[in-house]
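Data from my_file.tsv: TSV, C-alpha atoms
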chain	number	residue	atom	x	y	z
A	1	MET	CA	72.37	29.40	79.47
A	2	LEU	CA	74.59	28.43	76.56
A	3	THR	CA	75.31	24.80	75.87
A	4	CYS	CA	78.94	23.76	75.37
A	5	LYS	CA	78.19	23.14	71.72
A	6	GLU	CA	76.93	26.69	71.26
A	7	ALA	CA	79.85	28.06	73.26
A	8	THR	CA	82.38	26.40	70.94
A	9	ARG	CA	80.74	28.03	67.91
A	10	MET	CA	80.89	31.39	69.62
A	11	MET	CA	84.53	30.91	70.60
A	12	SER	CA	85.43	30.04	67.03
A	13	GLU	CA	83.62	33.12	65.72
A	14	ALA	CA	85.37	35.24	68.33
A	15	GLN	CA	88.57	34.51	66.39
A	16	ASP	CA	87.03	36.16	63.35
A	17	ARG	CA	84.90	39.04	64.60
A	18	LYS	CA	84.29	41.00	67.77
A	19	LEU	CA	81.41	39.42	69.63
A	20	GLY	CA	78.51	41.63	70.70
A	21	ALA	CA	78.12	42.62	74.35
A	22	GLY	CA	75.25	40.17	74.86
A	23	GLU	CA	77.22	37.32	73.32
A	24	ARG	CA	80.25	38.08	75.44
A	25	LEU	CA	78.20	38.14	78.59
A	26	LYS	CA	76.58	34.79	77.84
A	27	LEU	CA	79.92	33.29	76.92
A	28	GLU	CA	81.72	34.56	80.01
A	29	MET	CA	78.96	33.25	82.22
A	30	HIS	CA	79.26	29.86	80.61
A	31	LEU	CA	83.06	29.85	80.83
A	32	SER	CA	83.02	30.73	84.51
A	33	LEU	CA	81.24	27.44	85.11
A	34	CYS	CA	82.80	25.18	82.49
A	35	ARG	CA	86.41	24.03	82.57
A	36	GLY	CA	86.11	22.10	79.30
A	37	CYS	CA	85.11	25.24	77.43
A	38	ARG	CA	87.82	27.29	79.16
A	39	ASN	CA	90.31	24.76	77.84
A	40	PHE	CA	88.68	24.97	74.42
A	41	ARG	CA	89.21	28.73	74.38
A	42	GLN	CA	92.87	28.37	75.30
A	43	GLN	CA	93.23	25.83	72.52
A	44	MET	CA	91.71	28.29	70.03
A	45	ASP	CA	94.19	30.95	71.15
A	46	PHE	CA	96.97	28.41	70.82
A	47	LEU	CA	95.97	27.57	67.23
A	48	ARG	CA	96.08	31.26	66.35
A	49	ALA	CA	99.53	31.62	67.94
A	50	ALA	CA	100.84	28.53	66.14
A	51	CYS	CA	99.61	29.82	62.78
A	52	ARG	CA	101.23	33.22	63.37
A	53	ARG	CA	104.48	31.53	64.23
A	54	LEU	CA	104.36	29.34	61.14
A	55	VAL	CA	104.00	32.29	58.78
A	56	GLY	CA	107.02	33.96	60.31
A	57	ARG	CA	105.19	36.57	62.35
A	58	ASP	CA	105.56	36.60	66.06
A	59	GLU	CA	109.05	35.07	65.87
A	60	PRO	CA	110.73	34.34	69.14
A	61	GLY	CA	113.48	36.97	69.54
A	62	GLN	CA	116.52	35.71	67.62
A	63	ASP	CA	118.14	38.43	65.59
B	1	MET	CA	124.35	37.25	59.43
B	2	ILE	CA	122.32	36.33	56.37
B	3	ASP	CA	124.25	33.34	55.15
B	4	ASP	CA	123.46	30.30	53.06
B	5	SER	CA	122.37	28.19	55.99
B	6	PHE	CA	119.90	30.85	57.06
B	7	ILE	CA	118.49	31.06	53.53
B	8	ALA	CA	118.18	27.27	53.44
B	9	GLU	CA	116.28	27.33	56.71
B	10	VAL	CA	113.89	30.06	55.55
B	11	ARG	CA	113.45	28.28	52.24
B	12	SER	CA	112.38	25.07	53.94
B	13	ASP	CA	109.88	26.99	56.11
B	14	MET	CA	108.53	28.67	53.00
B	15	LEU	CA	108.19	25.37	51.16
B	16	ARG	CA	106.29	23.87	54.03
B	17	PHE	CA	104.02	26.91	54.11
B	18	ALA	CA	103.40	26.91	50.35
B	19	GLN	CA	102.86	23.16	50.11
B	20	LEU	CA	100.33	23.14	52.90
B	21	GLN	CA	98.25	25.69	51.08
B	22	LEU	CA	98.69	24.72	47.47
B	23	ARG	CA	98.88	20.94	47.96
B	24	ASP	CA	100.98	20.82	44.83
B	25	ALA	CA	104.73	20.30	45.23
B	26	ALA	CA	105.78	21.75	41.87
B	27	LEU	CA	103.57	24.81	42.19
B	28	ALA	CA	104.86	25.38	45.73
B	29	GLU	CA	108.47	25.05	44.62
B	30	ASP	CA	107.95	27.65	41.88
B	31	ALA	CA	106.22	30.09	44.19
B	32	VAL	CA	108.99	29.83	46.79
B	33	GLN	CA	111.74	30.23	44.22
B	34	GLU	CA	110.14	33.32	42.75
B	35	ALA	CA	109.51	34.86	46.16
B	36	LEU	CA	113.10	34.26	47.29
B	37	LEU	CA	114.62	35.61	44.10
B	38	GLY	CA	112.34	38.61	44.28
B	39	ALA	CA	113.29	39.33	47.85
B	40	LEU	CA	117.03	38.80	47.53
B	41	SER	CA	117.52	40.66	44.28
B	42	GLY	CA	115.92	43.82	45.64
B	43	GLU	CA	117.82	46.83	46.85
B	44	ARG	CA	116.18	46.63	50.23
B	45	SER	CA	118.43	46.18	53.22
B	46	PHE	CA	117.39	44.30	56.29
B	47	SER	CA	117.92	45.08	59.88
B	48	GLY	CA	118.06	41.40	60.77
B	49	ARG	CA	117.00	37.88	60.08
B	50	SER	CA	113.45	38.32	61.30
B	51	ALA	CA	112.99	41.33	59.03
B	52	LEU	CA	114.18	39.34	56.02
B	53	LYS	CA	112.01	36.38	56.87
B	54	THR	CA	108.95	38.58	57.32
B	55	TRP	CA	109.66	40.24	53.98
B	56	VAL	CA	110.06	37.02	51.95
B	57	PHE	CA	106.97	35.56	53.58
B	58	SER	CA	104.96	38.62	52.65
B	59	ILE	CA	106.03	38.20	49.02
B	60	LEU	CA	105.23	34.49	49.14
B	61	ARG	CA	101.89	35.21	50.74
B	62	ASN	CA	100.92	37.48	47.83
B	63	LYS	CA	101.93	34.84	45.31
B	64	ILE	CA	99.86	32.23	47.07
B	65	VAL	CA	96.86	34.58	47.19
B	66	ASP	CA	97.12	35.00	43.41
B	67	LEU	CA	97.38	31.25	42.84
B	68	ILE	CA	94.43	30.59	45.14
B	69	ARG	CA	92.31	33.15	43.34
B	70	VAL	CA	92.95	31.26	40.11
B	71	GLN	CA	92.37	27.87	41.71
B	72	SER	CA	89.21	28.99	43.48
B	73	ARG	CA	87.49	29.54	40.15
B	74	THR	CA	87.58	25.80	39.77
B	75	THR	CA	86.75	24.94	43.39
B	76	ASN	CA	83.63	22.89	43.63
B	77	VAL	CA	81.73	24.79	46.28
B	78	SER	CA	79.18	22.05	46.90
B	79	ALA	CA	82.10	19.80	47.85
B	80	LEU	CA	82.69	22.05	50.86
B	81	GLY	CA	79.55	20.74	52.50
B	82	GLU	CA	80.04	17.09	51.62
B	83	GLU	CA	83.66	16.80	52.64
B	84	GLY	CA	82.84	18.18	56.09
B	85	ALA	CA	80.31	15.49	56.92
B	86	SER	CA	82.70	13.17	58.74
B	87	LEU	CA	84.24	16.03	60.76
B	88	ASP	CA	80.76	17.20	61.71
B	89	GLN	CA	79.82	13.74	62.85
B	90	ALA	CA	82.99	13.47	64.92
B	91	PHE	CA	82.17	16.85	66.47
B	92	GLU	CA	78.62	15.81	67.39
B	93	GLU	CA	79.98	12.72	69.09
B	94	LEU	CA	81.92	14.85	71.58
B	95	PHE	CA	78.69	15.89	73.27
B	96	LYS	CA	76.00	14.33	75.37
B	97	THR	CA	72.41	14.66	74.18
B	98	ASN	CA	72.09	17.89	76.21
B	99	ALA	CA	74.90	19.44	74.09
B	100	HIS	CA	77.43	19.53	76.95
B	101	TRP	CA	80.80	17.75	76.78
B	102	ARG	CA	80.97	14.07	77.47
B	103	PRO	CA	83.39	13.58	80.38
B	104	ASP	CA	85.82	11.58	78.25
B	105	THR	CA	85.93	14.06	75.36
B	106	ARG	CA	86.00	17.30	77.34
B	107	PRO	CA	88.90	19.49	76.09
B	108	ARG	CA	91.94	19.13	78.31
B	109	GLY	CA	94.44	21.62	79.55
B	110	TRP	CA	97.51	21.69	77.33
B	111	GLY	CA	100.00	22.70	79.99
B	112	ASP	CA	102.30	25.39	78.70
B	113	PRO	CA	101.57	25.37	74.97
B	114	ALA	CA	104.32	27.91	74.29
B	115	GLU	CA	106.73	25.09	75.05
B	116	ALA	CA	105.27	23.04	72.18
B	117	LEU	CA	105.91	25.90	69.75
B	118	ARG	CA	109.61	25.65	70.54
B	119	GLU	CA	109.83	21.96	69.77
B	120	LYS	CA	110.63	20.85	66.26
B	121	GLY	CA	108.60	17.68	66.57
B	122	PHE	CA	105.51	19.70	67.26
B	123	TRP	CA	105.66	21.33	63.82
B	124	ASP	CA	105.73	17.95	62.11
B	125	VAL	CA	102.59	16.98	64.00
B	126	PHE	CA	100.97	20.32	63.23
B	127	GLU	CA	101.67	19.82	59.54
B	128	ILE	CA	100.29	16.29	59.59
B	129	CYS	CA	97.14	17.53	61.32
B	130	LEU	CA	96.66	20.31	58.76
B	131	ASN	CA	97.13	17.87	55.91
B	132	HIS	CA	94.64	15.59	57.57
B	133	LEU	CA	91.86	18.17	57.15
B	134	PRO	CA	89.75	17.79	54.01
B	135	GLU	CA	91.20	19.92	51.22
B	136	ASN	CA	88.65	22.71	50.94
B	137	THR	CA	88.15	22.91	54.69
B	138	ALA	CA	91.89	23.36	55.06
B	139	ARG	CA	91.87	25.94	52.28
B	140	VAL	CA	89.33	28.13	54.11
B	141	PHE	CA	91.20	27.76	57.41
B	142	MET	CA	94.55	28.66	55.89
B	143	MET	CA	93.17	31.63	53.96
B	144	ARG	CA	91.91	32.94	57.27
B	145	GLU	CA	94.89	32.08	59.47
B	146	PHE	CA	97.92	32.16	57.18
B	147	LEU	CA	96.91	34.67	54.55
B	148	GLU	CA	94.97	36.67	57.11
B	149	PHE	CA	91.93	37.28	54.99
B	150	ASP	CA	88.92	38.38	57.00
B	151	THR	CA	85.91	36.13	56.68
B	152	THR	CA	84.20	38.50	54.22
B	153	GLU	CA	87.17	38.23	51.87
B	154	VAL	CA	87.20	34.45	52.18
B	155	CYS	CA	83.49	34.32	51.33
B	156	GLN	CA	83.88	36.58	48.34
B	157	THR	CA	86.88	34.74	46.95
B	158	LEU	CA	85.28	31.31	47.29
B	159	ASP	CA	81.73	32.51	46.70
B	160	ILE	CA	80.25	31.08	49.90
B	161	SER	CA	78.06	32.70	52.57
B	162	VAL	CA	79.45	34.09	55.83
B	163	GLY	CA	77.40	31.52	57.72
B	164	ASN	CA	78.94	28.73	55.69
B	165	CYS	CA	82.38	30.20	56.21
B	166	ASN	CA	81.88	30.25	60.00
B	167	VAL	CA	80.75	26.63	59.95
B	168	ILE	CA	83.79	25.58	57.94
B	169	LEU	CA	86.21	27.48	60.20
B	170	HIS	CA	84.67	26.01	63.32
B	171	ARG	CA	84.90	22.55	61.78
B	172	ALA	CA	88.55	23.06	60.85
B	173	ARG	CA	89.53	24.44	64.26
B	174	ASN	CA	87.83	21.65	66.11
B	175	GLY	CA	89.37	19.05	63.82
B	176	LEU	CA	92.82	20.52	64.33
B	177	ARG	CA	92.58	20.82	68.10
B	178	ARG	CA	91.33	17.24	68.33
B	179	CYS	CA	94.21	16.04	66.20
B	180	LEU	CA	96.79	17.99	68.25
B	181	GLU	CA	95.26	16.84	71.50
B	182	SER	CA	95.50	13.18	70.58
B	183	SER	CA	98.79	13.34	68.66
B	184	TRP	CA	100.84	15.80	70.69
B	185	PHE	CA	99.26	16.83	73.96
B	186	ALA	CA	97.94	13.44	75.06
B	187	PRO	CA	99.50	12.73	78.45
B	188	GLY	CA	101.85	9.82	78.74
B	189	GLU	CA	102.72	9.55	75.07
B	190	LYS	CA	105.74	11.77	75.17
B	191	PRO	CA	108.99	11.31	77.02
B	192	CYS	CA	109.24	14.00	79.74

Hey, can you dump this file as structure tokens for me?
Amino acid sequence: MLTCKEATRMMSEAQDRKLGAGERLKLEMHLSLCRGCRNFRQQMDFLRAACRRLVGRDEPGQD
Amino acid sequence: MIDDSFIAEVRSDMLRFAQLQLRDAALAEDAVQEALLGALSGERSFSGRSALKTWVFSILRNKIVDLIRVQSRTTNVSALGEEGASLDQAFEELFKTNAHWRPDTRPRGWGDPAEALREKGFWDVFEICLNHLPENTARVFMMREFLEFDTTEVCQTLDISVGNCNVILHRARNGLRRCLESSWFAPGEKPC
């Protein structure tokens, strides 16, 4: 069973590379039981979205 | 459609973007000016504002990559480890001894974060939080997220290992999310 600390490292790396099947399985198992880490993952996705928006990609439709 | 006020708006976004990454106002100003002139003097026609903005940002991005390549030759790589020490300590303190979240530091739900992206005030906070990261940590994060290097390219450019790169990115992301959580998403500190 992953610890939360390990899960955060994996979730950060998931932003940079495709996790292996074993890693994904362990992570999903952990996330199914851990709200804090589920929130952490959403926050990671949010950071990515904010960065995309800042560099002018993924603009809200306004032509 | 593409009028002076639109250019002024794009220019200010570009300046913010360049300054965050170069941490040098004069250098940023030059890069933005060159990118804008380059984009607007071209023959290219644009189907709309978004297309123009995407185009000037892609020119600016290339300029920043060049400047960073030059700067990185003088980056003190050993400083990458040292400057992260306080962020690492703050990270460790989020957990109990069994490496699970402490109840009071467990990441919270951020409601509908898409709403934050539409608010101007959010971007000021985001900028402050980015500037709050140690310089080289921020550099690695922004190369990855703004310039869209993959981690291998980041490692090669800065001459660090992939493992080190992952550690720095994790540190930066955690630092940023903590800063946003306390400065923007904390309940009760915002009207409505």

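Any residue of chain B with an atom no more than 6 Å from chain A counts as a contact; using only C-alpha atoms, that gives Gly48, Arg49, Thr54, Ala99, His100, Arg106, Pro107, Arg108, Gly109 and His170 of chain B.
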
Near-Glu29 of chain B list (9 Å; all atoms listed in the file; drop same-chain fewer than 3 positions) as a list in words: Leu15, Ala18, Gln19, Asp24, Ala25, Ala26, Val32, Gln33 and Glu34 of chain B

Between atom CA of His132 of chain B and atom CA of Asp112 of chain B, distance in Å (one decimal): 24.5 Å

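Between atom CA of Val56 of chain B and atom CA of Ala28 of chain B the separation is 14.2 Å.
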
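The two atoms in question, atom CA of Met1 of chain A and atom CA of Lys26 of chain A, are spaced 7.0 Å apart.
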
All residues 10 Å or closer to Phe57 of chain B, only C-alpha atoms, same chain fewer than 3 positions away omitted, as a PyMOL selection string: (chain A and resi 55-57) or (chain B and resi 10-11+13-14+17-18+32+35-36+39+51-54+60-63)

Edge lengths and centre in Å, axis-aligned, segment 26-37 of chain A plus 5 Å each side, as lines of an AutoDock Vina configuration file:
center_x = 81.5
center_y = 28.4
center_z = 81.0
size_x = 19.8
size_y = 22.7
size_z = 18.2
